[in-house]
$ cat input_25.pdb   # PDB, C-alpha atoms, pLDDT in the B column
MODEL        1
ATOM      1  CA  MET A   1      -8.250  80.065  -6.851  1.00 57.00           C
ATOM      2  CA  PHE A   2      -7.152  82.772  -9.291  1.00 63.00           C
ATOM      3  CA  GLY A   3     -10.084  85.046  -8.889  1.00 70.00           C
ATOM      4  CA  ARG A   4     -10.755  88.395 -10.358  1.00 74.00           C
ATOM      5  CA  LEU A   5      -8.677  90.004  -7.638  1.00 79.00           C
ATOM      6  CA  LEU A   6      -5.431  88.518  -8.928  1.00 88.00           C
ATOM      7  CA  LYS A   7      -6.162  88.890 -12.615  1.00 90.00           C
ATOM      8  CA  PRO A   8      -3.762  91.358 -14.197  1.00 91.00           C
ATOM      9  CA  PRO A   9      -5.482  94.518 -15.373  1.00 88.00           C
ATOM     10  CA  VAL A  10      -3.245  94.791 -18.432  1.00 91.00           C
ATOM     11  CA  THR A  11      -1.798  92.609 -21.135  1.00 93.00           C
ATOM     12  CA  ALA A  12       1.791  92.881 -22.305  1.00 93.00           C
ATOM     13  CA  TYR A  13       2.633  91.434 -25.687  1.00 92.00           C
ATOM     14  CA  ALA A  14       5.531  89.078 -26.246  1.00 90.00           C
ATOM     15  CA  HIS A  15       4.450  88.726 -29.778  1.00 79.00           C
ATOM     16  CA  CYS A  16       5.347  88.650 -33.403  1.00 76.00           C
ATOM     17  CA  ASP A  17       3.620  90.903 -35.889  1.00 69.00           C
ATOM     18  CA  ILE A  18       4.193  88.671 -38.810  1.00 65.00           C
ATOM     19  CA  PRO A  19       2.343  85.385 -38.966  1.00 59.00           C
ATOM     20  CA  CYS A  20       5.020  83.085 -40.308  1.00 57.00           C
ATOM     21  CA  GLY A  21       2.633  81.814 -42.966  1.00 63.00           C
ATOM     22  CA  ILE A  22       4.303  78.442 -43.144  1.00 68.00           C
ATOM     23  CA  TYR A  23       1.652  75.791 -43.592  1.00 81.00           C
ATOM     24  CA  ASP A  24       2.184  72.225 -44.641  1.00 85.00           C
ATOM     25  CA  PRO A  25       0.018  69.105 -44.396  1.00 91.00           C
ATOM     26  CA  THR A  26       3.090  66.878 -44.005  1.00 89.00           C
ATOM     27  CA  PRO A  27       3.131  66.825 -40.170  1.00 89.00           C
ATOM     28  CA  ALA A  28      -0.505  65.637 -40.200  1.00 95.00           C
ATOM     29  CA  LYS A  29       0.395  62.928 -42.695  1.00 94.00           C
ATOM     30  CA  ILE A  30       3.354  61.732 -40.625  1.00 93.00           C
ATOM     31  CA  ALA A  31       1.156  61.635 -37.518  1.00 95.00           C
ATOM     32  CA  ALA A  32      -1.559  59.653 -39.330  1.00 97.00           C
ATOM     33  CA  ASP A  33       1.037  57.240 -40.732  1.00 96.00           C
ATOM     34  CA  THR A  34       2.452  56.797 -37.220  1.00 96.00           C
ATOM     35  CA  VAL A  35      -1.008  55.943 -35.908  1.00 98.00           C
ATOM     36  CA  ALA A  36      -1.449  53.324 -38.645  1.00 98.00           C
ATOM     37  CA  LYS A  37       2.002  51.870 -37.997  1.00 97.00           C
ATOM     38  CA  MET A  38       1.319  51.603 -34.260  1.00 97.00           C
ATOM     39  CA  VAL A  39      -2.002  49.854 -34.872  1.00 98.00           C
ATOM     40  CA  GLU A  40      -0.180  47.417 -37.131  1.00 97.00           C
ATOM     41  CA  LYS A  41       2.523  46.746 -34.524  1.00 96.00           C
ATOM     42  CA  ILE A  42       0.056  46.451 -31.644  1.00 97.00           C
ATOM     43  CA  THR A  43      -2.028  43.873 -33.471  1.00 95.00           C
ATOM     44  CA  GLN A  44       1.129  41.854 -34.172  1.00 95.00           C
ATOM     45  CA  LEU A  45       1.805  41.483 -30.451  1.00 93.00           C
ATOM     46  CA  GLN A  46       0.903  38.208 -28.786  1.00 89.00           C
ATOM     47  CA  PRO A  47      -2.233  39.110 -26.759  1.00 86.00           C
ATOM     48  CA  SER A  48      -1.597  36.375 -24.198  1.00 91.00           C
ATOM     49  CA  ALA A  49       2.015  37.397 -23.550  1.00 90.00           C
ATOM     50  CA  THR A  50       2.432  38.687 -20.005  1.00 91.00           C
ATOM     51  CA  ASP A  51       6.192  39.217 -19.884  1.00 94.00           C
ATOM     52  CA  PHE A  52       7.280  42.722 -19.005  1.00 95.00           C
ATOM     53  CA  THR A  53       8.981  43.384 -22.335  1.00 94.00           C
ATOM     54  CA  THR A  54       5.803  42.686 -24.284  1.00 94.00           C
ATOM     55  CA  ARG A  55       3.707  44.617 -21.806  1.00 94.00           C
ATOM     56  CA  GLY A  56       6.140  47.525 -21.969  1.00 95.00           C
ATOM     57  CA  ASN A  57       6.058  47.544 -25.763  1.00 95.00           C
ATOM     58  CA  PHE A  58       2.292  47.408 -25.744  1.00 96.00           C
ATOM     59  CA  VAL A  59       1.952  50.351 -23.386  1.00 96.00           C
ATOM     60  CA  ARG A  60       4.525  52.329 -25.364  1.00 97.00           C
ATOM     61  CA  MET A  61       2.808  51.689 -28.692  1.00 97.00           C
ATOM     62  CA  ILE A  62      -0.572  52.658 -27.288  1.00 97.00           C
ATOM     63  CA  ALA A  63       0.924  55.859 -25.899  1.00 97.00           C
ATOM     64  CA  VAL A  64       2.582  56.733 -29.216  1.00 97.00           C
ATOM     65  CA  LYS A  65      -0.595  55.978 -31.139  1.00 98.00           C
ATOM     66  CA  GLU A  66      -2.696  58.229 -28.924  1.00 97.00           C
ATOM     67  CA  GLU A  67      -0.121  61.005 -28.903  1.00 96.00           C
ATOM     68  CA  HIS A  68       0.096  61.020 -32.678  1.00 96.00           C
ATOM     69  CA  ALA A  69      -3.664  60.917 -33.105  1.00 98.00           C
ATOM     70  CA  GLN A  70      -3.712  64.087 -31.015  1.00 96.00           C
ATOM     71  CA  ILE A  71      -0.845  65.654 -32.995  1.00 94.00           C
ATOM     72  CA  CYS A  72      -2.687  64.857 -36.217  1.00 97.00           C
ATOM     73  CA  LYS A  73      -5.791  66.633 -34.939  1.00 97.00           C
ATOM     74  CA  LYS A  74      -3.782  69.678 -33.896  1.00 93.00           C
ATOM     75  CA  GLU A  75      -1.973  69.896 -37.222  1.00 93.00           C
ATOM     76  CA  LEU A  76      -5.244  69.603 -39.111  1.00 96.00           C
ATOM     77  CA  GLU A  77      -6.787  72.324 -36.979  1.00 94.00           C
ATOM     78  CA  ILE A  78      -3.929  74.693 -37.810  1.00 88.00           C
ATOM     79  CA  LEU A  79      -4.561  74.186 -41.514  1.00 93.00           C
ATOM     80  CA  TRP A  80      -8.304  74.463 -41.064  1.00 95.00           C
ATOM     81  CA  SER A  81      -8.418  77.607 -38.970  1.00 91.00           C
ATOM     82  CA  ASP A  82      -5.286  79.452 -40.102  1.00 84.00           C
ATOM     83  CA  TYR A  83      -4.489  78.451 -43.643  1.00 87.00           C
ATOM     84  CA  PHE A  84      -7.816  77.930 -45.369  1.00 92.00           C
ATOM     85  CA  LYS A  85      -9.748  81.084 -46.211  1.00 89.00           C
ATOM     86  CA  PRO A  86     -13.355  81.731 -47.253  1.00 90.00           C
ATOM     87  CA  GLU A  87     -12.350  81.855 -50.916  1.00 88.00           C
ATOM     88  CA  HIS A  88     -11.082  78.271 -50.584  1.00 94.00           C
ATOM     89  CA  LEU A  89     -14.468  77.272 -49.217  1.00 94.00           C
ATOM     90  CA  GLU A  90     -16.109  78.584 -52.350  1.00 93.00           C
ATOM     91  CA  LYS A  91     -13.961  76.341 -54.451  1.00 94.00           C
ATOM     92  CA  TYR A  92     -14.112  73.392 -52.023  1.00 96.00           C
ATOM     93  CA  PRO A  93     -17.592  73.421 -50.454  1.00 96.00           C
ATOM     94  CA  LYS A  94     -16.832  70.157 -48.635  1.00 97.00           C
ATOM     95  CA  LEU A  95     -13.863  71.723 -46.838  1.00 97.00           C
ATOM     96  CA  HIS A  96     -15.463  71.995 -43.394  1.00 97.00           C
ATOM     97  CA  ASP A  97     -16.930  68.550 -43.667  1.00 98.00           C
ATOM     98  CA  MET A  98     -13.547  67.070 -44.607  1.00 98.00           C
ATOM     99  CA  PHE A  99     -11.822  68.611 -41.610  1.00 98.00           C
ATOM    100  CA  TRP A 100     -14.632  67.711 -39.263  1.00 98.00           C
ATOM    101  CA  LYS A 101     -14.584  64.080 -40.338  1.00 98.00           C
ATOM    102  CA  ALA A 102     -10.793  63.914 -40.197  1.00 98.00           C
ATOM    103  CA  ALA A 103     -10.769  65.383 -36.668  1.00 98.00           C
ATOM    104  CA  LYS A 104     -13.352  62.832 -35.568  1.00 98.00           C
ATOM    105  CA  LEU A 105     -11.237  60.075 -37.076  1.00 98.00           C
ATOM    106  CA  CYS A 106      -8.307  61.319 -34.971  1.00 98.00           C
ATOM    107  CA  SER A 107     -10.442  60.853 -31.863  1.00 98.00           C
ATOM    108  CA  LYS A 108     -11.636  57.442 -33.011  1.00 98.00           C
ATOM    109  CA  ASN A 109      -8.052  56.330 -33.561  1.00 98.00           C
ATOM    110  CA  LYS A 110      -7.076  57.606 -30.175  1.00 97.00           C
ATOM    111  CA  GLN A 111      -9.782  55.503 -28.560  1.00 97.00           C
ATOM    112  CA  SER A 112      -9.450  52.308 -30.545  1.00 97.00           C
ATOM    113  CA  VAL A 113      -6.927  49.944 -32.079  1.00 97.00           C
ATOM    114  CA  ASP A 114      -8.607  49.657 -35.438  1.00 97.00           C
ATOM    115  CA  ALA A 115      -6.723  49.191 -38.689  1.00 98.00           C
ATOM    116  CA  ALA A 116      -9.744  50.266 -40.756  1.00 98.00           C
ATOM    117  CA  ALA A 117     -10.087  53.504 -38.792  1.00 98.00           C
ATOM    118  CA  ALA A 118      -6.372  54.183 -39.176  1.00 98.00           C
ATOM    119  CA  ALA A 119      -6.619  53.672 -42.933  1.00 98.00           C
ATOM    120  CA  GLU A 120      -9.643  55.982 -43.046  1.00 98.00           C
ATOM    121  CA  LEU A 121      -7.644  58.637 -41.213  1.00 98.00           C
ATOM    122  CA  GLN A 122      -4.754  58.298 -43.645  1.00 98.00           C
ATOM    123  CA  ALA A 123      -7.171  58.674 -46.556  1.00 98.00           C
ATOM    124  CA  ALA A 124      -8.863  61.708 -44.974  1.00 98.00           C
ATOM    125  CA  VAL A 125      -5.496  63.399 -44.398  1.00 98.00           C
ATOM    126  CA  LYS A 126      -4.453  62.625 -47.948  1.00 97.00           C
ATOM    127  CA  GLU A 127      -7.655  64.201 -49.265  1.00 97.00           C
ATOM    128  CA  ILE A 128      -6.970  67.359 -47.249  1.00 98.00           C
ATOM    129  CA  SER A 129      -3.357  67.319 -48.341  1.00 96.00           C
ATOM    130  CA  ASP A 130      -4.369  67.098 -52.003  1.00 96.00           C
ATOM    131  CA  MET A 131      -6.787  69.979 -51.529  1.00 96.00           C
ATOM    132  CA  PHE A 132      -4.053  72.009 -49.808  1.00 94.00           C
ATOM    133  CA  TRP A 133      -1.556  71.518 -52.615  1.00 91.00           C
ATOM    134  CA  ALA A 134      -4.232  72.257 -55.213  1.00 93.00           C
ATOM    135  CA  THR A 135      -4.690  75.709 -53.634  1.00 91.00           C
ATOM    136  CA  LYS A 136      -0.967  76.323 -54.005  1.00 82.00           C
ATOM    137  CA  LYS A 137      -1.010  75.871 -57.765  1.00 78.00           C
TER
ATOM    138  CA  MET B   1       3.826 106.014 -14.261  1.00 60.00           C
ATOM    139  CA  ARG B   2       2.936 103.414 -11.633  1.00 72.00           C
ATOM    140  CA  ARG B   3       4.696 103.638  -8.286  1.00 78.00           C
ATOM    141  CA  GLY B   4       4.332 100.177  -6.861  1.00 89.00           C
ATOM    142  CA  PRO B   5       4.383  96.648  -8.276  1.00 93.00           C
ATOM    143  CA  TRP B   6       1.686  95.878 -10.837  1.00 94.00           C
ATOM    144  CA  ARG B   7       0.485  92.876 -12.766  1.00 95.00           C
ATOM    145  CA  VAL B   8       0.434  91.951 -16.433  1.00 96.00           C
ATOM    146  CA  ALA B   9      -0.848  88.995 -18.392  1.00 96.00           C
ATOM    147  CA  VAL B  10       1.437  87.625 -21.104  1.00 96.00           C
ATOM    148  CA  ALA B  11       0.139  87.381 -24.652  1.00 93.00           C
ATOM    149  CA  GLY B  12       2.096  85.966 -27.552  1.00 89.00           C
ATOM    150  CA  HIS B  13       4.932  83.516 -28.002  1.00 88.00           C
ATOM    151  CA  SER B  14       8.095  85.527 -28.629  1.00 90.00           C
ATOM    152  CA  MET B  15       9.438  84.987 -25.101  1.00 93.00           C
ATOM    153  CA  GLU B  16       9.063  81.242 -24.950  1.00 90.00           C
ATOM    154  CA  PRO B  17      10.066  79.210 -23.095  1.00 90.00           C
ATOM    155  CA  ALA B  18      10.798  81.838 -20.416  1.00 94.00           C
ATOM    156  CA  LEU B  19       7.313  83.330 -20.599  1.00 95.00           C
ATOM    157  CA  ARG B  20       4.267  81.699 -22.056  1.00 93.00           C
ATOM    158  CA  GLU B  21       0.981  83.043 -23.226  1.00 91.00           C
ATOM    159  CA  GLY B  22      -1.391  83.276 -20.272  1.00 93.00           C
ATOM    160  CA  ASP B  23       1.318  83.684 -17.613  1.00 96.00           C
ATOM    161  CA  TRP B  24       0.565  86.280 -14.964  1.00 96.00           C
ATOM    162  CA  LEU B  25       3.502  88.392 -13.843  1.00 97.00           C
ATOM    163  CA  LEU B  26       4.381  90.869 -11.182  1.00 96.00           C
ATOM    164  CA  VAL B  27       6.119  93.885 -12.687  1.00 97.00           C
ATOM    165  CA  LEU B  28       8.293  96.269 -10.683  1.00 96.00           C
ATOM    166  CA  PRO B  29       8.550  99.935 -11.611  1.00 95.00           C
ATOM    167  CA  PRO B  30      11.973 100.893 -12.990  1.00 92.00           C
ATOM    168  CA  ARG B  31      13.976 102.313 -10.097  1.00 89.00           C
ATOM    169  CA  ARG B  32      17.279 101.985 -11.921  1.00 92.00           C
ATOM    170  CA  GLN B  33      18.581 101.459 -15.432  1.00 92.00           C
ATOM    171  CA  PRO B  34      17.588  98.106 -16.884  1.00 95.00           C
ATOM    172  CA  ARG B  35      20.381  95.565 -17.140  1.00 95.00           C
ATOM    173  CA  VAL B  36      21.199  93.323 -20.054  1.00 94.00           C
ATOM    174  CA  GLY B  37      19.283  90.083 -19.775  1.00 95.00           C
ATOM    175  CA  GLU B  38      16.381  91.429 -17.766  1.00 96.00           C
ATOM    176  CA  VAL B  39      12.865  91.099 -19.083  1.00 97.00           C
ATOM    177  CA  VAL B  40      11.247  94.503 -19.329  1.00 97.00           C
ATOM    178  CA  VAL B  41       7.862  95.925 -20.147  1.00 97.00           C
ATOM    179  CA  VAL B  42       8.193  98.704 -22.713  1.00 97.00           C
ATOM    180  CA  ARG B  43       5.741 100.889 -24.543  1.00 96.00           C
ATOM    181  CA  ASP B  44       5.425  99.840 -28.144  1.00 93.00           C
ATOM    182  CA  PRO B  45       7.125 102.663 -30.087  1.00 91.00           C
ATOM    183  CA  ARG B  46       4.500 102.282 -32.809  1.00 87.00           C
ATOM    184  CA  ASP B  47       1.559 102.464 -30.458  1.00 87.00           C
ATOM    185  CA  THR B  48       2.439 103.748 -27.016  1.00 88.00           C
ATOM    186  CA  ASN B  49      -0.824 102.504 -25.516  1.00 90.00           C
ATOM    187  CA  ARG B  50       0.364  99.005 -26.074  1.00 92.00           C
ATOM    188  CA  LEU B  51       2.853  97.235 -23.828  1.00 95.00           C
ATOM    189  CA  LEU B  52       5.490  94.769 -24.968  1.00 96.00           C
ATOM    190  CA  LEU B  53       7.471  92.192 -23.015  1.00 96.00           C
ATOM    191  CA  LYS B  54      10.997  91.700 -24.290  1.00 96.00           C
ATOM    192  CA  ARG B  55      14.491  90.999 -23.027  1.00 96.00           C
ATOM    193  CA  VAL B  56      17.130  93.741 -22.808  1.00 96.00           C
ATOM    194  CA  ALA B  57      19.856  93.006 -25.338  1.00 93.00           C
ATOM    195  CA  ALA B  58      21.831  96.244 -24.857  1.00 93.00           C
ATOM    196  CA  VAL B  59      21.663  99.527 -22.980  1.00 92.00           C
ATOM    197  CA  HIS B  60      23.297 102.568 -24.528  1.00 89.00           C
ATOM    198  CA  GLY B  61      22.816 106.167 -23.541  1.00 85.00           C
ATOM    199  CA  GLY B  62      19.143 106.825 -23.042  1.00 91.00           C
ATOM    200  CA  GLU B  63      17.954 103.820 -25.019  1.00 94.00           C
ATOM    201  CA  VAL B  64      17.599 100.069 -24.784  1.00 95.00           C
ATOM    202  CA  THR B  65      17.668  97.436 -27.468  1.00 94.00           C
ATOM    203  CA  VAL B  66      15.010  94.818 -26.766  1.00 95.00           C
ATOM    204  CA  MET B  67      14.706  91.389 -28.296  1.00 93.00           C
ATOM    205  CA  GLY B  68      12.322  88.470 -28.030  1.00 92.00           C
ATOM    206  CA  ASP B  69      13.882  85.196 -26.901  1.00 91.00           C
ATOM    207  CA  ARG B  70      12.509  83.503 -29.987  1.00 87.00           C
ATOM    208  CA  ARG B  71      14.326  85.478 -32.627  1.00 79.00           C
ATOM    209  CA  ASP B  72      12.438  83.810 -35.424  1.00 75.00           C
ATOM    210  CA  HIS B  73       9.119  84.729 -33.902  1.00 82.00           C
ATOM    211  CA  SER B  74       9.443  88.183 -32.450  1.00 84.00           C
ATOM    212  CA  THR B  75       8.820  91.748 -33.425  1.00 88.00           C
ATOM    213  CA  ASP B  76      11.392  93.776 -31.491  1.00 90.00           C
ATOM    214  CA  SER B  77      14.177  96.378 -31.804  1.00 91.00           C
ATOM    215  CA  ARG B  78      15.350  94.779 -35.014  1.00 87.00           C
ATOM    216  CA  TYR B  79      12.119  96.021 -36.469  1.00 87.00           C
ATOM    217  CA  PHE B  80      11.111  99.132 -34.526  1.00 90.00           C
ATOM    218  CA  GLY B  81      14.549 100.225 -33.304  1.00 91.00           C
ATOM    219  CA  ASP B  82      15.724 101.082 -29.820  1.00 94.00           C
ATOM    220  CA  VAL B  83      13.312 102.153 -27.140  1.00 96.00           C
ATOM    221  CA  PRO B  84      13.934 105.282 -25.043  1.00 96.00           C
ATOM    222  CA  LEU B  85      14.484 104.557 -21.352  1.00 95.00           C
ATOM    223  CA  THR B  86      11.463 106.712 -20.585  1.00 95.00           C
ATOM    224  CA  ASP B  87       9.351 104.074 -22.339  1.00 96.00           C
ATOM    225  CA  VAL B  88      10.640 101.252 -20.165  1.00 96.00           C
ATOM    226  CA  VAL B  89       7.748 101.083 -17.729  1.00 96.00           C
ATOM    227  CA  GLY B  90       8.760  98.105 -15.642  1.00 96.00           C
ATOM    228  CA  ARG B  91      10.774  94.976 -15.096  1.00 97.00           C
ATOM    229  CA  ALA B  92       9.118  91.584 -15.121  1.00 97.00           C
ATOM    230  CA  ALA B  93      10.168  90.179 -11.758  1.00 96.00           C
ATOM    231  CA  PHE B  94       7.932  87.334 -10.703  1.00 97.00           C
ATOM    232  CA  ARG B  95       5.442  84.891 -12.152  1.00 97.00           C
ATOM    233  CA  TYR B  96       2.467  83.998  -9.953  1.00 95.00           C
ATOM    234  CA  LYS B  97       0.448  81.998 -12.433  1.00 92.00           C
ATOM    235  CA  PRO B  98       0.493  79.123 -13.298  1.00 93.00           C
ATOM    236  CA  LEU B  99       1.241  77.634  -9.896  1.00 92.00           C
ATOM    237  CA  THR B 100       3.442  74.997 -11.486  1.00 93.00           C
ATOM    238  CA  ARG B 101       5.802  77.684 -12.767  1.00 94.00           C
ATOM    239  CA  VAL B 102       5.678  80.206  -9.943  1.00 95.00           C
ATOM    240  CA  GLY B 103       8.965  81.991  -9.396  1.00 95.00           C
ATOM    241  CA  ARG B 104      11.356  84.724 -10.377  1.00 96.00           C
ATOM    242  CA  VAL B 105      11.605  85.717 -14.005  1.00 95.00           C
ATOM    243  CA  ARG B 106      15.205  84.823 -14.751  1.00 91.00           C
ATOM    244  CA  ARG B 107      17.744  86.946 -16.537  1.00 88.00           C
TER
ENDMDL
END

$ encode --input "input_25.pdb" --output "structure tokens"
Amino acid sequence: MFGRLLKPPVTAYAHCDIPCGIYDPTPAKIAADTVAKMVEKITQLQPSATDFTTRGNFVRMIAVKEEHAQICKKELEILWSDYFKPEHLEKYPKLHDMFWKAAKLCSKNKQSVDAAAAAELQAAVKEISDMFWATKK
Amino acid sequence: MRRGPWRVAVAGHSMEPALREGDWLLVLPPRRQPRVGEVVVVRDPRDTNRLLLKRVAAVHGGEVTVMGDRRDHSTDSRYFGDVPLTDVVGRAAFRYKPLTRVGRVRR
């Protein structure tokens, strides 16, 4: 519906010159921990319970789990694309692989209620976090 | 200088939440002095080929002070100083994309 005809011919910048440069793996860790906690709480629910309170809790926990899996992926991507530089890759040749696997684990945790997958995600985030802090030394 | 309304695409995040990256706006040519609170399109004093979208914080004499809504994430008059009125090339009046946020650009 927005064809070429309506596309503005110019761009105006509401921007900031200075990338804030604040990077931290903590938000990814919190998101991964939230996913794990939700999986734990979901599996503690009585599967046969059909009362509205239990159903409501179940739906809420699923929603929180999926939201935080997505947040985790986004936070990891910020570190991957914005913080890490080619010189880091030289020192950590597995860098791309680590992020790729962690991002896939985010998706897996979004799709499933799987304590093992949640633990794997936490471990993958921790590995990235350790690498991040090592570059700060 | 353009005579009629024209269109710009928003890039950057300094005017959030009022304007978001990717918004398409209708800009009116400046027929009068800008007023405090209006969102204007100004030439970047450091590179006059480049256009900036900022909010008018003050008007004094022949110059305006412009600021981004997100003070912590904006390059504006605090950095490059006031902008001469002759470099105010329009006023952001209306957003036509996305459809969910169509409407006047508020002061």

$ residues_near_point --input "input_25.pdb" --point "(4.1, 59.0, -39.2)" --cutoff "12 Å" --atoms "only C-alpha atoms" --output "MDAnalysis selection string"
chainID A and resid 26:39 64:65 67:69 71:72 118 121:122 125

$ closest_atom_pairs --input "input_25.pdb" --of "stretch 29-85 of chain A" --to "stretch 93-108 of chain A" --cutoff "8 Å" --atoms "only C-alpha atoms" --output "tab-separated table"
residue	atom	partner	partner_atom	distance
A:Ala69	CA	A:Cys106	CA	5.0
A:Gln70	CA	A:Cys106	CA	6.7
A:Cys72	CA	A:Cys106	CA	6.8
A:Lys73	CA	A:Ala103	CA	5.4
A:Leu76	CA	A:Phe99	CA	7.1
A:Glu77	CA	A:Phe99	CA	7.8
A:Trp80	CA	A:Phe99	CA	6.8

$ residues_around --input "input_25.pdb" --residues "stretch 35-49 of chain B" --least-positions-apart "5" --cutoff "12 Å" --atoms "only C-alpha atoms" --output "number ranges by chain"
A: 10-15, 17; B: 1, 6-10, 15, 18-19, 25-30, 54-60, 63-69, 75-77, 79-95, 104-107

$ atom_distance --input "input_25.pdb" --atom1 "atom CA of A:Leu45" --atom2 "atom CA of A:Asn57"
8.8 Å

$ atom_distance --input "input_25.pdb" --atom1 "atom CA of B:Arg32" --atom2 "atom CA of B:His13"
27.4 Å

$ atom_distance --input "input_25.pdb" --atom1 "atom CA of B:Glu16" --atom2 "atom CA of A:Lys7"
21.0 Å

$ closest_residue --input "input_25.pdb" --among "B:Arg78, B:Arg31, B:Lys97, B:Arg2" --to "chain A" --atoms "only C-alpha atoms"
B:Lys97

$ closest_residue --input "input_25.pdb" --among "B:Pro34, B:Asp23, B:His73, B:Arg3" --to "chain A" --atoms "all atoms listed in the file"
B:His73
